[in-house]
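Reproduced below: input_14.cif, with mmCIF, C-alpha atoms and all ligand atoms.
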```cif
data_model
#
loop_
_atom_site.label_atom_id
_atom_site.label_comp_id
_atom_site.auth_asym_id
_atom_site.auth_seq_id
_atom_site.Cartn_x
_atom_site.Cartn_y
_atom_site.Cartn_z
CA MET E 203 -0.71 -2.94 44.25
CA ASN E 204 -1.25 -5.17 41.18
CA LYS E 205 1.41 -4.78 38.50
CA ALA E 206 1.45 -5.06 34.72
CA ASP E 207 3.91 -4.12 32.01
CA ILE E 208 1.22 -2.70 29.75
CA ILE E 209 -2.45 -1.89 30.37
CA VAL E 210 -4.99 -1.38 27.62
CA ILE E 211 -8.23 0.40 28.60
CA GLY E 212 -11.06 -0.62 26.26
CA GLY E 213 -11.77 -4.10 24.95
CA GLY E 214 -13.69 -3.10 21.81
CA ILE E 215 -12.25 -3.96 18.40
CA MET E 216 -9.77 -1.08 18.62
CA GLY E 217 -8.37 -1.99 22.06
CA ALA E 218 -8.57 -5.78 21.64
CA SER E 219 -6.81 -5.84 18.25
CA THR E 220 -4.03 -3.63 19.60
CA ALA E 221 -3.71 -5.64 22.83
CA LEU E 222 -3.42 -8.81 20.74
CA GLY E 223 -0.53 -7.30 18.78
CA ILE E 224 1.20 -6.23 21.99
CA ILE E 225 0.97 -9.71 23.48
CA ARG E 226 2.06 -11.31 20.19
CA GLU E 227 5.26 -9.26 20.45
CA GLY E 228 5.96 -10.81 23.86
CA ALA E 229 5.62 -7.57 25.83
CA GLY E 230 5.34 -9.19 29.27
CA LYS E 231 2.24 -8.94 31.46
CA VAL E 232 -0.52 -7.24 29.49
CA VAL E 233 -3.89 -6.42 31.08
CA MET E 234 -7.01 -5.22 29.26
CA PHE E 235 -10.04 -3.65 31.00
CA ASP E 236 -13.48 -3.24 29.47
CA GLU E 237 -16.39 -1.75 31.38
CA GLN E 238 -19.12 -3.17 29.08
CA LEU E 239 -22.00 -0.81 29.68
CA PRO E 240 -25.16 -1.85 27.77
CA THR E 241 -24.95 1.38 25.74
CA GLN E 242 -21.47 0.47 24.42
CA ARG E 243 -22.46 -1.72 21.49
CA LEU E 244 -20.25 -0.16 18.81
CA SER E 245 -18.00 -3.19 18.33
CA ARG E 246 -21.04 -5.47 18.30
CA GLY E 247 -23.35 -3.24 16.30
CA ASN E 248 -21.38 -2.50 13.14
CA PHE E 249 -21.67 -3.60 9.51
CA GLY E 250 -18.54 -5.78 9.43
CA LEU E 251 -16.93 -4.53 6.22
CA THR E 252 -13.20 -4.91 5.59
CA TRP E 253 -13.12 -2.17 3.05
CA PHE E 254 -10.86 0.44 1.47
CA MET E 255 -12.98 1.80 -1.40
CA CYS E 256 -14.00 5.48 -1.02
CA LYS E 257 -12.02 5.91 2.20
CA GLY E 258 -9.71 8.90 2.37
CA ALA E 259 -10.98 10.87 -0.63
CA ASN E 260 -9.71 14.01 1.14
CA ASN E 261 -7.04 12.31 3.21
CA PRO E 262 -4.53 10.43 0.98
CA VAL E 263 -2.56 8.92 3.86
CA TYR E 264 -5.77 7.44 5.27
CA ALA E 265 -6.68 6.10 1.81
CA ARG E 266 -3.35 4.25 1.64
CA TRP E 267 -3.57 3.11 5.29
CA SER E 268 -7.00 1.57 4.62
CA ARG E 269 -5.78 -0.08 1.42
CA MET E 270 -2.77 -1.53 3.26
CA ALA E 271 -5.02 -2.87 6.04
CA THR E 272 -7.34 -4.64 3.62
CA THR E 273 -4.43 -6.38 1.88
CA MET E 274 -3.58 -7.90 5.26
CA TRP E 275 -7.06 -9.28 6.00
CA PRO E 276 -6.99 -12.82 4.51
CA GLU E 277 -3.83 -13.77 6.40
CA TYR E 278 -5.05 -11.95 9.51
CA ALA E 279 -8.32 -13.92 9.62
CA ALA E 280 -6.48 -17.22 9.19
CA LYS E 281 -4.08 -16.46 12.03
CA LEU E 282 -6.91 -15.33 14.30
CA LYS E 283 -8.62 -18.68 13.73
CA GLU E 284 -5.43 -20.51 14.64
CA GLU E 285 -4.94 -18.46 17.80
CA SER E 286 -8.54 -18.26 19.03
CA GLY E 287 -10.46 -21.13 17.43
CA TYR E 288 -13.02 -18.60 16.08
CA ASP E 289 -13.78 -18.35 12.39
CA VAL E 290 -14.53 -14.66 11.78
CA GLU E 291 -16.41 -15.65 8.58
CA LEU E 292 -14.27 -13.55 6.30
CA GLU E 293 -15.69 -13.59 2.79
CA TRP E 294 -13.18 -12.17 0.38
CA ASN E 295 -15.19 -12.05 -2.82
CA GLY E 296 -14.97 -8.29 -3.34
CA GLY E 297 -17.35 -5.44 -2.60
CA ALA E 298 -19.29 -2.81 -4.51
CA LEU E 299 -20.96 0.55 -4.19
CA HIS E 300 -23.91 0.83 -6.56
CA ALA E 301 -24.71 4.02 -8.46
CA ILE E 302 -28.18 5.42 -8.98
CA GLY E 303 -28.38 7.49 -12.16
CA ASP E 304 -25.68 8.68 -14.55
CA GLU E 305 -24.51 11.60 -12.46
CA GLN E 306 -23.66 9.40 -9.49
CA PHE E 307 -21.96 6.86 -11.77
CA GLN E 308 -19.76 9.63 -13.18
CA ALA E 309 -18.92 11.00 -9.69
CA TYR E 310 -17.86 7.51 -8.56
CA ALA E 311 -15.71 7.09 -11.67
CA GLU E 312 -13.89 10.32 -10.81
CA SER E 313 -13.41 9.22 -7.21
CA VAL E 314 -11.88 5.89 -8.33
CA ALA E 315 -9.50 7.69 -10.69
CA ASN E 316 -8.45 10.11 -7.95
CA LEU E 317 -7.84 7.42 -5.33
CA LYS E 318 -5.96 5.20 -7.81
CA LYS E 319 -3.52 8.07 -8.29
CA VAL E 320 -3.25 8.75 -4.54
CA CYS E 321 -2.32 5.11 -3.88
CA SER E 322 0.02 4.75 -6.85
CA ASP E 323 1.98 7.81 -5.60
CA ASP E 324 2.87 5.61 -2.62
CA GLY E 325 3.59 2.48 -4.63
CA LEU E 326 0.28 0.86 -3.66
CA ASP E 327 -2.23 -0.54 -6.09
CA TYR E 328 -5.89 0.51 -5.91
CA PRO E 329 -7.75 -2.41 -7.43
CA ALA E 330 -11.13 -0.73 -7.91
CA ARG E 331 -12.96 -0.05 -11.16
CA MET E 332 -16.35 0.97 -12.47
CA VAL E 333 -18.62 -1.75 -13.81
CA ASP E 334 -21.63 -0.87 -15.95
CA ARG E 335 -25.15 -2.08 -15.20
CA GLU E 336 -24.88 -5.15 -17.39
CA GLU E 337 -21.63 -6.35 -15.83
CA PHE E 338 -22.86 -5.55 -12.31
CA ALA E 339 -26.03 -7.56 -12.94
CA SER E 340 -23.96 -10.49 -14.21
CA MET E 341 -22.00 -10.51 -10.93
CA ILE E 342 -25.22 -11.01 -8.94
CA PRO E 343 -27.16 -13.45 -11.10
CA ASP E 344 -29.60 -14.43 -8.33
CA MET E 345 -30.90 -10.93 -7.60
CA LYS E 346 -32.62 -8.45 -9.88
CA LEU E 347 -31.26 -4.91 -9.89
CA GLY E 348 -33.63 -1.97 -9.54
CA ASP E 349 -34.35 0.02 -12.70
CA GLU E 350 -32.44 3.11 -11.57
CA VAL E 351 -29.14 1.28 -10.90
CA THR E 352 -26.63 2.39 -13.53
CA GLY E 353 -23.66 0.31 -12.39
CA ALA E 354 -21.20 0.24 -9.52
CA MET E 355 -17.75 0.89 -8.22
CA TYR E 356 -16.24 -2.54 -7.55
CA SER E 357 -13.13 -4.08 -6.07
CA PRO E 358 -12.37 -7.81 -5.92
CA GLU E 359 -10.04 -7.27 -2.94
CA GLN E 360 -12.27 -6.45 -0.01
CA GLY E 361 -14.92 -8.25 1.94
CA HIS E 362 -16.81 -8.63 5.17
CA VAL E 363 -16.65 -10.48 8.47
CA ASN E 364 -18.95 -11.31 11.36
CA PRO E 365 -18.19 -8.49 13.83
CA LEU E 366 -19.38 -10.55 16.80
CA THR E 367 -17.00 -13.43 16.16
CA LEU E 368 -14.26 -10.94 15.32
CA LEU E 369 -14.57 -9.38 18.77
CA ALA E 370 -14.67 -12.81 20.42
CA ALA E 371 -11.65 -13.96 18.38
CA LEU E 372 -9.58 -10.90 19.30
CA ARG E 373 -10.33 -11.18 23.01
CA GLY E 374 -9.92 -14.97 22.94
CA ALA E 375 -6.60 -14.90 21.08
CA PHE E 376 -5.31 -12.23 23.47
CA GLN E 377 -6.11 -14.44 26.46
CA ASN E 378 -4.85 -17.65 24.84
CA LYS E 379 -1.51 -15.95 24.32
CA GLY E 380 -1.27 -15.02 28.01
CA GLY E 381 -3.06 -11.67 28.22
CA THR E 382 -5.33 -10.90 31.18
CA TYR E 383 -8.79 -9.60 30.35
CA PHE E 384 -11.17 -8.03 32.86
CA GLY E 385 -14.65 -7.68 31.36
CA GLY E 386 -17.21 -5.60 33.27
CA LEU E 387 -14.54 -3.61 35.07
CA SER E 388 -14.34 0.13 34.64
CA VAL E 389 -11.22 2.26 34.99
CA SER E 390 -12.20 5.25 37.14
CA ALA E 391 -8.95 7.22 37.07
CA ILE E 392 -5.42 7.32 35.70
CA GLU E 393 -2.56 8.77 37.73
CA PRO E 394 0.91 9.19 36.23
CA ASN E 395 3.54 8.72 38.95
CA GLY E 396 6.79 10.63 39.40
CA ASP E 397 8.91 7.53 38.62
CA GLY E 398 7.42 7.10 35.12
CA THR E 399 4.93 4.40 36.06
CA ILE E 400 1.17 4.91 35.86
CA THR E 401 -1.51 3.95 38.37
CA VAL E 402 -4.81 2.79 36.91
CA LYS E 403 -7.71 2.79 39.38
CA THR E 404 -10.59 0.31 39.22
CA ALA E 405 -13.36 -0.78 41.59
CA LYS E 406 -11.38 -3.99 42.19
CA GLY E 407 -8.13 -2.34 43.16
CA ASN E 408 -5.34 -0.35 41.60
CA TYR E 409 -2.88 -1.47 38.94
CA GLN E 410 0.53 -0.07 38.22
CA CYS E 411 2.01 -0.27 34.73
CA ASN E 412 4.93 1.02 32.68
CA LYS E 413 2.88 1.82 29.59
CA LEU E 414 -0.79 2.61 29.12
CA VAL E 415 -2.95 2.47 25.99
CA ILE E 416 -6.28 4.32 26.15
CA ALA E 417 -8.57 2.74 23.55
CA ALA E 418 -11.89 3.25 25.31
CA GLY E 419 -13.92 4.60 22.38
CA HIS E 420 -16.07 7.50 23.55
CA GLY E 421 -15.00 6.64 27.12
CA SER E 422 -11.49 7.85 26.21
CA SER E 423 -12.52 11.52 26.28
CA ARG E 424 -13.22 11.44 30.00
CA LEU E 425 -10.05 9.52 30.85
CA LEU E 426 -7.86 11.80 28.73
CA GLY E 427 -9.62 14.88 30.12
CA HIS E 428 -8.22 13.98 33.55
CA LEU E 429 -4.76 14.15 31.98
CA GLY E 430 -5.42 17.58 30.46
CA SER E 431 -5.78 16.24 26.91
CA LYS E 432 -8.75 16.83 24.59
CA LEU E 433 -9.45 14.00 22.18
CA ASN E 434 -10.77 15.26 18.84
CA ILE E 435 -13.62 12.82 18.35
CA TYR E 436 -17.38 13.24 18.10
CA PRO E 437 -20.35 10.85 18.21
CA GLN E 438 -22.04 9.92 14.94
CA ARG E 439 -24.97 7.53 14.97
CA GLY E 440 -25.46 4.81 12.39
CA GLN E 441 -28.61 2.68 12.19
CA LEU E 442 -28.83 -0.85 10.83
CA ILE E 443 -31.71 -3.16 9.95
CA VAL E 444 -31.67 -6.95 9.54
CA THR E 445 -34.09 -9.21 7.71
CA GLU E 446 -35.19 -12.76 8.35
CA ARG E 447 -32.90 -15.52 7.05
CA VAL E 448 -33.36 -16.44 3.44
CA LYS E 449 -31.45 -18.47 0.85
CA ARG E 450 -28.00 -17.02 0.19
CA VAL E 451 -27.96 -15.09 -3.06
CA LEU E 452 -25.55 -12.18 -2.49
CA ARG E 453 -21.94 -13.38 -2.32
CA PHE E 454 -20.22 -10.04 -1.86
CA PRO E 455 -21.26 -6.96 0.10
CA ILE E 456 -22.60 -3.77 -1.40
CA LEU E 457 -21.77 -0.79 0.84
CA ALA E 458 -25.34 -0.48 2.16
CA VAL E 459 -26.57 -4.09 1.79
CA ARG E 460 -24.81 -7.32 2.66
CA GLN E 461 -25.99 -10.87 3.24
CA THR E 462 -24.44 -12.69 6.16
CA MET E 463 -23.39 -16.33 6.02
CA ASP E 464 -26.54 -17.36 7.87
CA GLY E 465 -28.73 -15.71 5.24
CA THR E 466 -29.93 -12.48 6.85
CA PHE E 467 -29.59 -9.25 4.91
CA MET E 468 -28.05 -6.34 6.81
CA ILE E 469 -29.10 -2.95 5.56
CA GLY E 470 -27.89 0.49 6.48
CA LEU E 471 -25.66 3.42 5.77
CA SER E 472 -27.07 6.23 7.90
CA THR E 473 -24.92 8.93 9.43
CA GLU E 474 -26.37 11.36 11.95
CA ASP E 475 -24.72 13.72 14.42
CA THR E 476 -26.84 12.87 17.43
CA ALA E 477 -24.68 12.89 20.57
CA HIS E 478 -24.78 9.59 22.51
CA ASP E 479 -28.28 8.49 21.59
CA THR E 480 -28.50 4.97 20.16
CA GLN E 481 -32.24 4.87 19.48
CA VAL E 482 -33.56 4.11 16.02
CA THR E 483 -35.76 6.56 14.12
CA ILE E 484 -38.58 6.12 11.63
CA GLU E 485 -36.94 8.64 9.24
CA ALA E 486 -33.63 6.75 9.03
CA MET E 487 -35.39 3.37 8.73
CA LYS E 488 -37.56 4.66 5.89
CA SER E 489 -34.70 6.22 3.99
CA GLN E 490 -32.46 3.15 4.37
CA ALA E 491 -35.27 0.82 3.39
CA SER E 492 -36.11 2.81 0.29
CA ASN E 493 -32.43 2.97 -0.78
CA ALA E 494 -32.06 -0.78 -0.34
CA ILE E 495 -35.22 -1.50 -2.31
CA LYS E 496 -34.07 0.80 -5.10
CA LEU E 497 -31.01 -1.44 -5.36
CA PHE E 498 -32.74 -4.81 -4.93
CA PRO E 499 -36.57 -4.53 -5.24
CA GLU E 500 -36.98 -8.15 -4.05
CA LEU E 501 -35.90 -7.10 -0.54
CA ALA E 502 -39.39 -5.62 -0.14
CA LYS E 503 -40.83 -9.15 -0.17
CA ILE E 504 -39.00 -10.48 2.89
CA ASN E 505 -39.51 -9.69 6.58
CA TRP E 506 -37.33 -7.06 8.16
CA VAL E 507 -37.11 -8.14 11.76
CA ARG E 508 -34.79 -5.99 13.85
CA ALA E 509 -33.01 -2.65 13.90
CA TRP E 510 -30.50 -0.89 16.13
CA GLY E 511 -28.36 2.19 16.38
CA ALA E 512 -24.70 2.48 17.40
CA ILE E 513 -22.48 5.49 17.89
CA ARG E 514 -19.39 5.81 15.69
CA VAL E 515 -16.20 7.31 17.11
CA MET E 516 -15.74 9.89 14.36
CA THR E 517 -12.90 12.36 13.74
CA PRO E 518 -13.17 15.57 11.69
CA ASP E 519 -11.26 14.09 8.71
CA GLY E 520 -12.48 10.51 9.10
CA GLY E 521 -8.99 9.15 9.76
CA PRO E 522 -7.95 7.48 13.02
CA ILE E 523 -6.08 9.10 15.91
CA TYR E 524 -2.87 7.47 17.14
CA GLU E 525 -1.28 9.74 19.73
CA ARG E 526 1.58 9.46 22.19
CA LEU E 527 0.81 12.07 24.84
CA ALA E 528 3.31 14.93 24.82
CA GLU E 529 3.18 15.33 28.62
CA HIS E 530 3.19 11.60 29.39
CA LYS E 531 5.34 9.76 26.89
CA ASN E 532 4.32 6.32 28.16
CA ILE E 533 0.60 6.94 27.60
CA TYR E 534 -0.93 6.33 24.15
CA SER E 535 -4.38 7.22 22.92
CA ILE E 536 -5.94 5.43 19.93
CA ALA E 537 -9.39 6.22 18.60
CA GLY E 538 -11.44 6.56 15.44
CA HIS E 539 -13.77 4.91 12.98
CA SER E 540 -13.40 1.71 10.87
CA ALA E 541 -11.59 -0.45 13.40
CA VAL E 542 -12.89 -3.61 11.68
CA THR E 543 -11.11 -2.69 8.46
CA LEU E 544 -8.06 -1.41 10.35
CA ALA E 545 -7.76 -4.31 12.84
CA PRO E 546 -4.73 -5.85 11.04
CA VAL E 547 -2.74 -2.59 11.20
CA LEU E 548 -3.73 -2.10 14.85
CA THR E 549 -2.38 -5.56 15.66
CA LYS E 550 0.80 -5.11 13.65
CA GLN E 551 1.88 -1.53 12.97
CA ILE E 552 0.21 0.18 15.95
CA ALA E 553 1.28 -2.45 18.50
CA SER E 554 4.83 -2.25 17.14
CA TRP E 555 4.81 1.56 17.41
CA ILE E 556 3.55 1.42 21.02
CA LEU E 557 6.34 -1.00 21.88
CA GLU E 558 8.79 1.38 20.16
CA LYS E 559 9.98 -1.44 17.89
CA GLU E 560 9.12 0.05 14.55
CA GLU E 561 7.26 3.17 13.48
CA ALA E 562 5.35 3.08 10.22
CA PRO E 563 5.89 6.47 8.52
CA GLN E 564 2.13 7.09 8.26
CA ILE E 565 1.58 7.10 12.02
CA SER E 566 2.73 10.66 12.65
CA HIS E 567 0.07 11.83 10.19
CA PHE E 568 -2.65 10.50 12.50
CA SER E 569 -1.83 12.55 15.60
CA ASN E 570 -4.61 14.06 17.70
CA GLY E 571 -2.80 17.40 17.34
CA ARG E 572 -3.51 17.58 13.58
CA PHE E 573 -6.91 19.04 14.43
CA ASN E 574 -5.55 21.70 16.80
CA VAL E 575 -5.16 24.49 14.28
C1 LIG E 601 -23.58 1.50 12.11
C2 LIG E 601 -22.10 1.30 12.09
C3 LIG E 601 -21.51 0.56 11.09
C4 LIG E 601 -20.14 0.37 11.08
N1 LIG E 601 -19.61 -0.39 10.10
C5 LIG E 601 -18.28 -0.59 10.05
C6 LIG E 601 -17.72 -1.37 9.03
O1 LIG E 601 -18.43 -1.90 8.18
N2 LIG E 601 -16.37 -1.54 9.00
C7 LIG E 601 -15.56 -0.94 9.94
O2 LIG E 601 -14.33 -1.08 9.83
N3 LIG E 601 -16.07 -0.21 10.95
C8 LIG E 601 -17.41 -0.02 11.04
N4 LIG E 601 -17.94 0.71 12.06
C9 LIG E 601 -17.02 1.23 13.09
C10 LIG E 601 -16.64 0.18 14.11
O3 LIG E 601 -17.80 -0.34 14.68
C11 LIG E 601 -15.71 0.76 15.20
O4 LIG E 601 -14.60 1.36 14.58
C12 LIG E 601 -15.24 -0.36 16.13
O5 LIG E 601 -16.32 -0.97 16.75
C13 LIG E 601 -14.22 0.05 17.14
O6 LIG E 601 -14.71 0.54 18.26
P1 LIG E 601 -13.80 0.94 19.50
O7 LIG E 601 -13.07 -0.22 20.04
O8 LIG E 601 -13.03 2.16 19.17
O9 LIG E 601 -14.95 1.41 20.48
P2 LIG E 601 -15.92 0.54 21.39
O10 LIG E 601 -16.42 -0.66 20.72
O11 LIG E 601 -16.91 1.49 21.96
O12 LIG E 601 -14.94 0.04 22.52
C14 LIG E 601 -14.51 0.87 23.55
C15 LIG E 601 -14.59 0.04 24.80
O13 LIG E 601 -14.04 0.80 25.87
C16 LIG E 601 -14.70 0.44 27.04
N5 LIG E 601 -14.56 1.52 28.01
C17 LIG E 601 -14.98 2.81 27.91
N6 LIG E 601 -14.63 3.50 29.00
C18 LIG E 601 -13.99 2.62 29.83
C19 LIG E 601 -13.41 2.72 31.12
N7 LIG E 601 -13.40 3.86 31.79
N8 LIG E 601 -12.87 1.62 31.66
C20 LIG E 601 -12.86 0.43 31.00
N9 LIG E 601 -13.39 0.29 29.75
C21 LIG E 601 -13.94 1.37 29.20
C22 LIG E 601 -16.15 0.21 26.63
O14 LIG E 601 -16.72 -0.75 27.47
C23 LIG E 601 -16.03 -0.29 25.20
O15 LIG E 601 -16.21 -1.70 25.10
C24 LIG E 601 -19.32 0.93 12.11
C25 LIG E 601 -19.91 1.66 13.12
C26 LIG E 601 -21.29 1.85 13.11
C27 LIG E 601 -21.91 2.64 14.22
#
```

As structure tokens - that is how I would like this structure written.
Amino acid sequence: MNKADIIVIGGGIMGASTALGIIREGAGKVVMFDEQLPTQRLSRGNFGLTWFMCKGANNPVYARWSRMATTMWPEYAAKLKEESGYDVELEWNGGALHAIGDEQFQAYAESVANLKKVCSDDGLDYPARMVDREEFASMIPDMKLGDEVTGAMYSPEQGHVNPLTLLAALRGAFQNKGGTYFGGLSVSAIEPNGDGTITVKTAKGNYQCNKLVIAAGHGSSRLLGHLGSKLNIYPQRGQLIVTERVKRVLRFPILAVRQTMDGTFMIGLSTEDTAHDTQVTIEAMKSQASNAIKLFPELAKINWVRAWGAIRVMTPDGGPIYERLAEHKNIYSIAGHSAVTLAPVLTKQIASWILEKEEAPQISHFSNGRFNV
């Protein structure tokens, strides 16, 4: 029997950022498995925002958790580069959400005021504000705004990364620090043993560990089902479109349009409850394209070359799930949306909680059981 101190199932952004934190804390032999089916493109197919604005409008703890995570990003990216050699291309020039029409502008203004209060109640700042059309236009001098844009919600303290290099950096740093990573290897079963250890079964043999972290995205439901636990997640498809490379003109992301460092525009903000179906649809493409062109009419003049769909791991209140199983105290389940934004807290606060070193007070708020009412 192969042995490990801690096993992490799932090498997406959620599992890999947590595994990195665990190995940084010097937790002994740490092994991470990732089955890598072609349909599992979530950590490669996302928009790459490191973003707190608008998150947690109905969930104040999540709003603060997201804000805290974004404050950690600049240092996090620098350390990842040191540990992995990968530059995750963090651009920290701010981010905006444009408003179409006066009614939307007003609704955004109310949302900013509400979330400012939510964060200040916890001693956190919420550096977002409304900018009118004229100011918004002056922030993007090289692109013309569409006629219906009335302004935007803006924060200077958020940004975006390259999700592909982020994933590579997390997995690389984990291995450089002594972690063992098995890509293309699926965990078929989990068996808690009477002596407190856990057996993890794979096609290449069984592993025994003292602690197990299940971070397998939608694959977690099956694994937890074997342990009698129901994970409160559901699939939500998002579709994205990319354009050809053009001269860089947009230096900070707008929620539905960003320009990557190599010049392509990424476009998309669709949300559909579609089960596990990653295909793209004409309807979503049309609606995303027309929204993007309403913001920046010039986008209609360049070639849009590729599109894909990916399936979010969504929870009923949008916040993440961090759960220590009641029946198996050495098994942890972590799941949810926005793992790019939350990667720094997964590496620090969540890894520390799993190792029972320190428990951030927010963590208990994110239990799986909060939905069992
Ligand atoms: C269109 C879109 C845009 C998004 N934009 C953003 C954004 O801008 N910012 C942001 O923060 N988030 C964004 N997200 C969310 C983000 O992509 C996810 O939160 C992130 O990828 C984390 O995924 P994960 O690790 O939980 O799941 P996954 O990436 O699915 O990883 C789970 C891994 O578990 C493995 N696995 C499953 N079962 C097993 C098993 N039995 N044995 C071994 N391995 C197994 C799979 O191979 C998989 O690699 C977006 C998502 C979508 C769809």

Atom pair CA of Val402 (chain E) / atom O4 of ligand LIG 601 (chain E): separation (Å): 24.4 Å

Nearest to Val547 (chain E): which of E:Gly470, E:Gly385, E:Pro522, E:Pro455 is it, counting only C-alpha atoms?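 Using only C-alpha atoms, Val547 (chain E) sits closest to E:Pro522.
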
For region 373-383 of chain E: contacts at 10 Å, only C-alpha atoms, fewer than 3 positions along chain excluded, given as a PyMOL selection string: chain E and resi 206+209-210+213-215+217-226+228-236+281-288+367-370+386-387

Nearest to Asn412 (chain E) by atom-to-atom distance, counting only C-alpha atoms, from E:Thr466, E:Asn532, E:Asn261, E:Asn574: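 For Asn412 (chain E), the nearest of the given residues is E:Asn532.
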
Go through the chains and note each residue within 7 Å of ligand LIG 601 (chain E), using only C-alpha atoms and all ligand atoms, then give the set as number ranges by chain. E: 211-217, 235-239, 242-253, 387-390, 417-422, 425, 439-442, 471, 511-515, 537-544

Which residue of E:Met355, E:Met516, E:Ile416, E:Leu557 approaches Thr476 (chain E) most closely, using all atoms listed in the file: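 Of all the options, E:Met516 lies closest to Thr476 (chain E).
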
CA of Ala486 (chain E) and CA of Ala502 (chain E), how far apart in Å? 16.4 Å

Closest to Tyr524 (chain E) among E:Gln564, E:Thr352, E:Asn493, E:Thr272, using all atoms listed in the file? E:Gln564

If I take CA of Pro276 (chain E) and CA of Asp289 (chain E), how far is one from the other in Å, to one decimal?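 Calculated distance between CA of Pro276 (chain E) and CA of Asp289 (chain E) is 11.8 Å.
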
Determine the nearest neighbour of Met203 (chain E) from the options E:Gly407, E:Gly521, E:Gly396, E:Pro546, counting all atoms listed in the file.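 For Met203 (chain E), the nearest of the given residues is E:Gly407.
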
Counting all atoms listed in the file, what is within 12 Å of Gly303 (chain E), bar same-chain residues fewer than 4 positions away, as a VMD selection string? chain E and resid 307 to 310 334 to 335 348 to 354 496 to 497

For region 487-492 of chain E, please output as a VMD selection string all residues within 12 Å (counting only C-alpha atoms; exclusion window: fewer than 2 positions along the same chain). chain E and resid 348 440 to 445 457 to 459 467 to 473 481 to 485 494 to 506 508 to 511

Selected residue of minimal separation from Ile536 (chain E) among E:Leu317, E:Met463, E:Val415, E:Ile302, counting only C-alpha atoms: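 The closest residue to Ile536 (chain E) is E:Val415.
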
Selection near Val320 (chain E), 9 Å with all atoms listed in the file, sequence-local residues under 2 positions removed, as a ChimeraX atom specification: /E:259,262-263,265-266,315-318,322-324,326,328
